[in-house]
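Pasted below: coords.cif, mmCIF, C-alpha atoms.
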data_start
#
loop_
_atom_site.label_atom_id
_atom_site.label_comp_id
_atom_site.auth_asym_id
_atom_site.auth_seq_id
_atom_site.Cartn_x
_atom_site.Cartn_y
_atom_site.Cartn_z
CA MET Z 1 8.18 11.33 -5.17
CA ASN Z 2 4.56 11.89 -6.17
CA GLN Z 3 3.68 14.42 -8.87
CA LEU Z 4 0.22 13.06 -9.68
CA ASN Z 5 -1.59 13.81 -6.41
CA ASP Z 6 -0.87 16.54 -3.87
CA TYR Z 7 -1.44 14.72 -0.58
CA ASN Z 8 -0.79 17.90 1.39
CA GLU Z 9 -3.78 19.36 -0.44
CA ILE Z 10 -6.09 16.33 -0.30
CA SER Z 11 -4.89 14.85 3.00
CA ASP Z 12 -8.14 15.26 4.94
CA LEU Z 13 -10.27 13.88 2.13
CA TYR Z 14 -7.93 11.01 1.32
CA ASN Z 15 -7.77 9.87 4.94
CA LEU Z 16 -11.52 9.27 4.83
CA SER Z 17 -10.68 6.35 2.56
CA ASN Z 18 -9.32 4.45 5.57
CA THR Z 19 -12.88 3.29 6.28
CA LYS Z 20 -13.54 2.01 2.73
CA SER Z 21 -14.83 -1.55 2.81
CA ASP Z 22 -12.13 -2.95 0.53
CA LYS Z 23 -9.29 -1.16 2.30
CA LEU Z 24 -10.38 -2.05 5.81
CA TYR Z 25 -11.58 -5.61 5.35
CA SER Z 26 -9.52 -6.94 2.43
CA ILE Z 27 -6.50 -4.84 1.44
CA LEU Z 28 -5.19 -4.44 5.00
CA PRO Z 29 -5.79 -8.07 6.05
CA THR Z 30 -4.19 -9.33 2.83
CA VAL Z 31 -1.07 -7.18 3.31
CA LEU Z 32 -0.76 -8.31 6.93
CA LYS Z 33 -1.17 -11.96 5.92
CA ILE Z 34 1.54 -11.69 3.25
CA SER Z 35 3.85 -10.01 5.78
CA GLU Z 36 3.85 -13.27 7.76
CA THR Z 37 6.13 -14.82 5.13
CA LYS Z 38 9.07 -13.21 6.93
CA ASP Z 39 10.06 -14.24 10.48
CA ASN Z 40 12.14 -12.45 13.14
CA LEU Z 41 11.33 -8.93 12.07
CA LYS Z 42 13.58 -6.38 13.74
CA THR Z 43 12.67 -3.46 11.50
CA VAL Z 44 9.57 -2.97 9.34
CA LEU Z 45 9.31 -0.10 6.85
CA ASP Z 46 6.00 1.24 5.49
CA LEU Z 47 6.60 3.27 2.33
CA GLY Z 48 4.13 6.00 1.43
CA CYS Z 49 2.64 5.59 4.89
CA GLY Z 50 0.21 8.52 4.75
CA ASN Z 51 -1.42 8.99 8.15
CA GLY Z 52 -0.32 5.52 9.23
CA PHE Z 53 -3.18 3.25 8.13
CA PHE Z 54 -0.89 0.28 7.45
CA THR Z 55 1.84 1.44 9.85
CA PHE Z 56 -0.30 1.22 12.97
CA ALA Z 57 -1.64 -2.18 11.97
CA LEU Z 58 1.92 -3.46 11.43
CA ALA Z 59 3.00 -2.07 14.80
CA LYS Z 60 0.12 -3.86 16.49
CA LYS Z 61 0.87 -7.13 14.69
CA TYR Z 62 4.60 -6.94 15.44
CA PRO Z 63 4.88 -5.23 18.86
CA SER Z 64 8.51 -6.31 19.32
CA SER Z 65 9.59 -4.82 15.99
CA LYS Z 66 10.63 -1.27 15.18
CA VAL Z 67 8.12 0.03 12.62
CA ILE Z 68 8.98 3.06 10.49
CA GLY Z 69 6.56 4.97 8.28
CA ILE Z 70 7.91 7.29 5.59
CA ASP Z 71 5.97 9.72 3.41
CA ASN Z 72 6.80 12.85 1.42
CA ALA Z 73 3.65 14.73 2.43
CA GLU Z 74 4.27 16.86 5.52
CA LYS Z 75 0.57 17.05 6.40
CA GLN Z 76 0.23 13.27 6.32
CA ILE Z 77 3.23 12.74 8.58
CA ALA Z 78 1.86 15.33 11.02
CA ALA Z 79 -1.49 13.52 11.07
CA ALA Z 80 0.23 10.19 11.71
CA GLN Z 81 2.30 11.61 14.55
CA GLU Z 82 -0.81 13.09 16.18
CA ILE Z 83 -2.57 9.71 16.05
CA GLN Z 84 0.52 8.09 17.54
CA ARG Z 85 0.67 10.58 20.41
CA ASN Z 86 -2.99 10.03 21.25
CA ALA Z 87 -2.65 6.25 21.03
CA GLU Z 88 0.68 6.20 22.91
CA ILE Z 89 2.17 3.63 20.54
CA LYS Z 90 5.87 3.33 21.25
CA ASN Z 91 7.31 1.11 18.50
CA ILE Z 92 6.66 3.48 15.56
CA ASN Z 93 8.72 6.27 14.08
CA PHE Z 94 7.34 8.48 11.30
CA ILE Z 95 9.76 10.16 8.89
CA LEU Z 96 9.19 12.88 6.29
CA GLY Z 97 11.22 11.90 3.26
CA ASP Z 98 11.49 10.86 -0.38
CA ILE Z 99 12.02 7.14 -0.89
CA THR Z 100 14.05 7.68 -4.09
CA VAL Z 101 16.43 10.26 -2.60
CA ASP Z 102 16.77 9.75 1.14
CA VAL Z 103 18.67 6.84 2.64
CA LEU Z 104 16.12 4.28 3.78
CA PRO Z 105 16.58 2.43 7.08
CA LYS Z 106 17.82 -1.14 6.76
CA SER Z 107 14.73 -3.32 7.11
CA ASP Z 108 13.68 -6.95 7.26
CA LEU Z 109 10.25 -6.22 5.78
CA ILE Z 110 9.24 -3.35 3.50
CA VAL Z 111 5.57 -2.77 2.73
CA ALA Z 112 4.72 -0.63 -0.30
CA PRO Z 113 0.96 -0.46 -0.92
CA PHE Z 114 0.20 1.52 -4.11
CA VAL Z 115 3.57 3.31 -4.00
CA PHE Z 116 4.68 2.17 -7.44
CA GLY Z 117 1.70 3.86 -9.04
CA TYR Z 118 3.82 7.00 -8.93
CA PHE Z 119 6.88 5.69 -10.76
CA ASP Z 120 7.56 4.63 -14.31
CA GLY Z 121 10.54 4.29 -16.60
CA GLU Z 122 13.90 5.16 -15.07
CA ARG Z 123 12.28 6.47 -11.90
CA LEU Z 124 10.73 3.06 -11.31
CA HIS Z 125 14.11 1.37 -11.74
CA GLU Z 126 15.71 3.84 -9.33
CA ALA Z 127 12.97 3.34 -6.73
CA LEU Z 128 13.29 -0.44 -6.92
CA LYS Z 129 17.08 -0.30 -6.57
CA HIS Z 130 16.78 2.06 -3.60
CA ILE Z 131 14.33 -0.27 -1.88
CA PHE Z 132 16.40 -3.36 -2.73
CA ASN Z 133 19.45 -1.77 -1.11
CA ALA Z 134 17.45 -1.00 2.05
CA LEU Z 135 16.44 -4.62 2.58
CA GLU Z 136 18.49 -6.92 4.76
CA LYS Z 137 19.59 -10.24 3.25
CA ASP Z 138 16.49 -12.43 2.77
CA GLY Z 139 14.33 -9.39 3.50
CA VAL Z 140 10.84 -9.27 1.98
CA LEU Z 141 9.10 -6.57 -0.06
CA VAL Z 142 5.27 -6.59 -0.12
CA ILE Z 143 3.61 -4.71 -2.98
CA VAL Z 144 0.03 -3.73 -3.87
CA LEU Z 145 -0.63 -2.59 -7.45
CA ASP Z 146 -3.78 -1.27 -9.06
CA ASN Z 147 -4.85 -3.47 -11.96
CA PRO Z 148 -7.99 -2.10 -13.69
CA ILE Z 149 -10.08 -4.61 -15.62
CA GLY Z 150 -13.09 -2.41 -16.43
CA ILE Z 151 -15.34 -3.37 -13.52
CA ASP Z 152 -17.24 -0.85 -11.39
CA ASN Z 153 -16.18 -1.72 -7.84
CA SER Z 154 -17.44 1.53 -6.32
CA ARG Z 155 -19.63 -0.33 -3.81
CA PHE Z 156 -16.45 -1.87 -2.40
CA GLY Z 157 -14.66 1.50 -2.37
CA ALA Z 158 -13.04 2.21 -5.73
CA LYS Z 159 -13.83 2.68 -9.41
CA LYS Z 160 -10.87 2.62 -11.78
CA THR Z 161 -10.66 3.82 -15.37
CA PHE Z 162 -7.63 3.89 -17.65
CA SER Z 163 -7.22 6.48 -20.38
CA ASN Z 164 -4.29 8.06 -22.24
CA GLY Z 165 -1.75 6.28 -20.08
CA VAL Z 166 -3.18 7.55 -16.79
CA LEU Z 167 -5.17 5.56 -14.27
CA SER Z 168 -8.04 7.41 -12.59
CA ILE Z 169 -9.13 5.98 -9.21
CA GLU Z 170 -12.39 7.26 -7.76
CA LEU Z 171 -12.70 6.48 -4.04
CA PHE Z 172 -16.06 5.92 -2.33
CA ASP Z 173 -17.06 5.60 1.32
CA THR Z 174 -19.23 2.86 2.82
CA ASP Z 175 -22.38 4.75 1.76
CA ASN Z 176 -21.07 4.81 -1.84
CA ILE Z 177 -20.48 8.57 -1.63
CA HIS Z 178 -17.52 9.87 -3.64
CA ILE Z 179 -14.54 10.86 -1.46
CA THR Z 180 -11.88 12.00 -3.94
CA THR Z 181 -10.20 10.94 -7.18
CA LEU Z 182 -6.55 9.92 -7.48
CA LYS Z 183 -4.30 9.66 -10.51
CA ALA Z 184 -1.73 6.90 -10.92
CA ILE Z 185 0.49 5.11 -13.42
CA HIS Z 186 -0.73 1.73 -14.59
CA HIS Z 187 1.84 -1.08 -14.78
CA ASP Z 188 1.59 -4.20 -16.86
CA ILE Z 189 1.96 -6.90 -14.22
CA ASP Z 190 4.29 -9.18 -16.19
CA SER Z 191 6.54 -6.24 -17.07
CA PHE Z 192 6.58 -5.13 -13.44
CA LYS Z 193 7.60 -8.61 -12.30
CA GLN Z 194 10.39 -8.50 -14.87
CA ASN Z 195 11.56 -5.18 -13.41
CA LEU Z 196 11.66 -6.81 -9.97
CA ALA Z 197 13.75 -9.70 -11.29
CA GLU Z 198 16.15 -7.37 -13.14
CA THR Z 199 16.64 -5.41 -9.90
CA GLY Z 200 17.74 -8.62 -8.18
CA PHE Z 201 14.59 -9.69 -6.36
CA LYS Z 202 13.82 -13.40 -6.20
CA ASP Z 203 10.89 -15.59 -5.14
CA ILE Z 204 8.40 -13.23 -6.81
CA THR Z 205 4.99 -14.47 -5.70
CA GLU Z 206 1.46 -13.31 -6.49
CA TYR Z 207 -1.34 -13.66 -3.91
CA HIS Z 208 -5.11 -13.88 -3.99
CA PRO Z 209 -6.89 -11.25 -1.82
CA ILE Z 210 -8.64 -12.33 1.36
CA ILE Z 211 -11.60 -10.89 3.25
CA ASP Z 212 -11.35 -11.05 7.02
CA LYS Z 213 -14.10 -12.38 9.29
CA THR Z 214 -14.87 -8.89 10.59
CA GLY Z 215 -15.76 -7.75 7.08
CA LEU Z 216 -17.85 -10.83 6.40
CA ASN Z 217 -19.74 -10.38 9.66
CA ALA Z 218 -20.18 -6.62 9.28
CA LEU Z 219 -21.40 -6.58 5.68
CA GLY Z 220 -22.53 -10.14 5.01
CA GLU Z 221 -21.12 -12.69 2.61
CA SER Z 222 -23.47 -11.61 -0.21
CA PHE Z 223 -21.98 -8.09 -0.17
CA TRP Z 224 -18.58 -9.51 -1.13
CA ASN Z 225 -19.82 -11.65 -4.02
CA GLY Z 226 -17.35 -11.37 -6.88
CA TYR Z 227 -14.86 -9.15 -5.06
CA THR Z 228 -11.92 -11.49 -4.58
CA GLU Z 229 -12.16 -12.62 -8.22
CA ASN Z 230 -12.35 -9.04 -9.53
CA SER Z 231 -10.68 -6.82 -6.93
CA GLU Z 232 -8.64 -4.94 -9.58
CA LEU Z 233 -5.62 -5.30 -7.32
CA VAL Z 234 -2.46 -7.39 -7.54
CA TYR Z 235 -0.57 -8.43 -4.41
CA LEU Z 236 3.08 -9.43 -4.72
CA SER Z 237 5.95 -10.35 -2.47
CA CYS Z 238 9.59 -10.80 -3.36
CA THR Z 239 12.82 -11.46 -1.51
CA LYS Z 240 16.32 -10.01 -1.58
#
Just give me the structure as structure tokens.
Amino acid sequence: MNQLNDYNEISDLYNLSNTKSDKLYSILPTVLKISETKDNLKTVLDLGCGNGFFTFALAKKYPSSKVIGIDNAEKQIAAAQEIQRNAEIKNINFILGDITVDVLPKSDLIVAPFVFGYFDGERLHEALKHIFNALEKDGVLVIVLDNPIGIDNSRFGAKKTFSNGVLSIELFDTDNIHITTLKAIHHDIDSFKQNLAETGFKDITEYHPIIDKTGLNALGESFWNGYTENSELVYLSCTK
């Protein structure tokens, strides 16, 4: 699935990003809030789950649901399974697989944070069709896309630059120390929404990011000045 970053190679470094201010206090809460648009969740699928950052949060939020995390990096799946064993969380299953090749479990909710940064052209169309087919009727897909606008957001956790068709994403910890740099494909948001519609998705909705109370209390309101207006992220949901 992903040819731009070797997550088996950078797994340990990348997982340090789970404590980034933006990821912990805004990206995660926003994804969880959007997920509430779908009721009666029997199965929830987290695509590109890594070591389970979103997966564990979804399992906690929906304890009666079956939550499945899928990733194509063996080291990331192993890390997620170790965390699960230590935490004794029962309603999660982690799967090593490729979301464009392997049959995806039928799901009521599919969460795909940053996954589409690794697909363009025909591969993007194939990925969207594969995900569409995995959704139950009226199932919901939640998407997070990088959307660089030339602002240095390193104090929040990421600095993004776009050059020669490739998006470079520098990740920073809470002390503003560089963690690692990722590469991704940048999508024009209107064109991406059109791809969703052509695949068959409906009710395509864009959301404003939120900051949870924990983040406001931990870092202070002044720290977050300007973030929600310039987060360089786009949050979308759509329905089958």
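Straight-line separation from CA of Ile143 in chain Z to CA of Phe116 in chain Z: 8.3 Å.
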Q) In Å, how far is it from CA of Asn153 in chain Z to CA of Asp120 in chain Z? A)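 Spanning CA of Asn153 in chain Z to CA of Asp120 in chain Z is a straight-line distance of 25.4 Å.
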**Q.** Computed interatomic separation between CA of Asp71 in chain Z and CA of Leu47 in chain Z (Å)
**A.**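 Atom-to-atom, CA of Asp71 in chain Z and CA of Leu47 in chain Z are spaced 6.6 Å apart.
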Q. Residues at most 12 Å from range 178-180 of chain Z, counting only C-alpha atoms, excluding those fewer than 5 positions away in the same chain, as a PyMOL selection string?
A. chain Z and resi 5-7+9-20+154-159+168-173
Q: Would you mind telling me which residue in Z:Pro29, Z:Gly117, Z:Pro63, Z:Pro105 lies nearest to Ile131 in chain Z when using only C-alpha atoms?
A: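 Residue with the minimum atom-to-atom distance to Ile131 in chain Z: Z:Pro105.
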Q | Chain and number of each residue from the PyMOL selection byres ((chain Z and resi 205-216) around 8), as a VMD selection string | A | chain Z and resid 21 24 to 27 29 to 30 34 203 to 204 217 to 221 224 228 231 234 to 238
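Evaluating the PyMOL selection byres ((chain Z and resi 93) around 8) against the shown model yields Lys66, Val67, Ile68, Gly69, Asn91, Ile92, Phe94 and Ile95 of chain Z.
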Q) Of the candidates Z:Leu167, Z:Arg123, Z:Gly226, Z:Leu109, which one gets nearest to Lys38 in chain Z if we count only C-alpha atoms? A)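 Of Z:Leu167, Z:Arg123, Z:Gly226, Z:Leu109, the one nearest Lys38 in chain Z is Z:Leu109, counting only C-alpha atoms.
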Q: Could you expand the PyMOL selection byres ((chain Z and resi 162) around 10) into the explicit residues it covers here, written as a PyMOL selection string?
A: chain Z and resi 147-150+160-161+163-169+183-186
Q. Which residue gives the smallest distance to Val140 in chain Z among Z:Thr199, Z:Leu128, Z:Lys75, Z:Ile110, with all atoms listed in the file counted?
A.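 Nearest to Val140 in chain Z: Z:Ile110.
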Q.
For a quick check of understanding, using all atoms listed in the file, which of Z:Leu196, Z:Ile70, Z:Gln81, Z:Asn40 has the smallest distance to Leu96 in chain Z?
A. Z:Ile70
**Q.** Nearest residue to Val101 in chain Z from the set Z:Ala79, Z:Leu135, Z:Ala127, Z:Leu45 (distances using all atoms listed in the file)
**A.** Z:Ala127
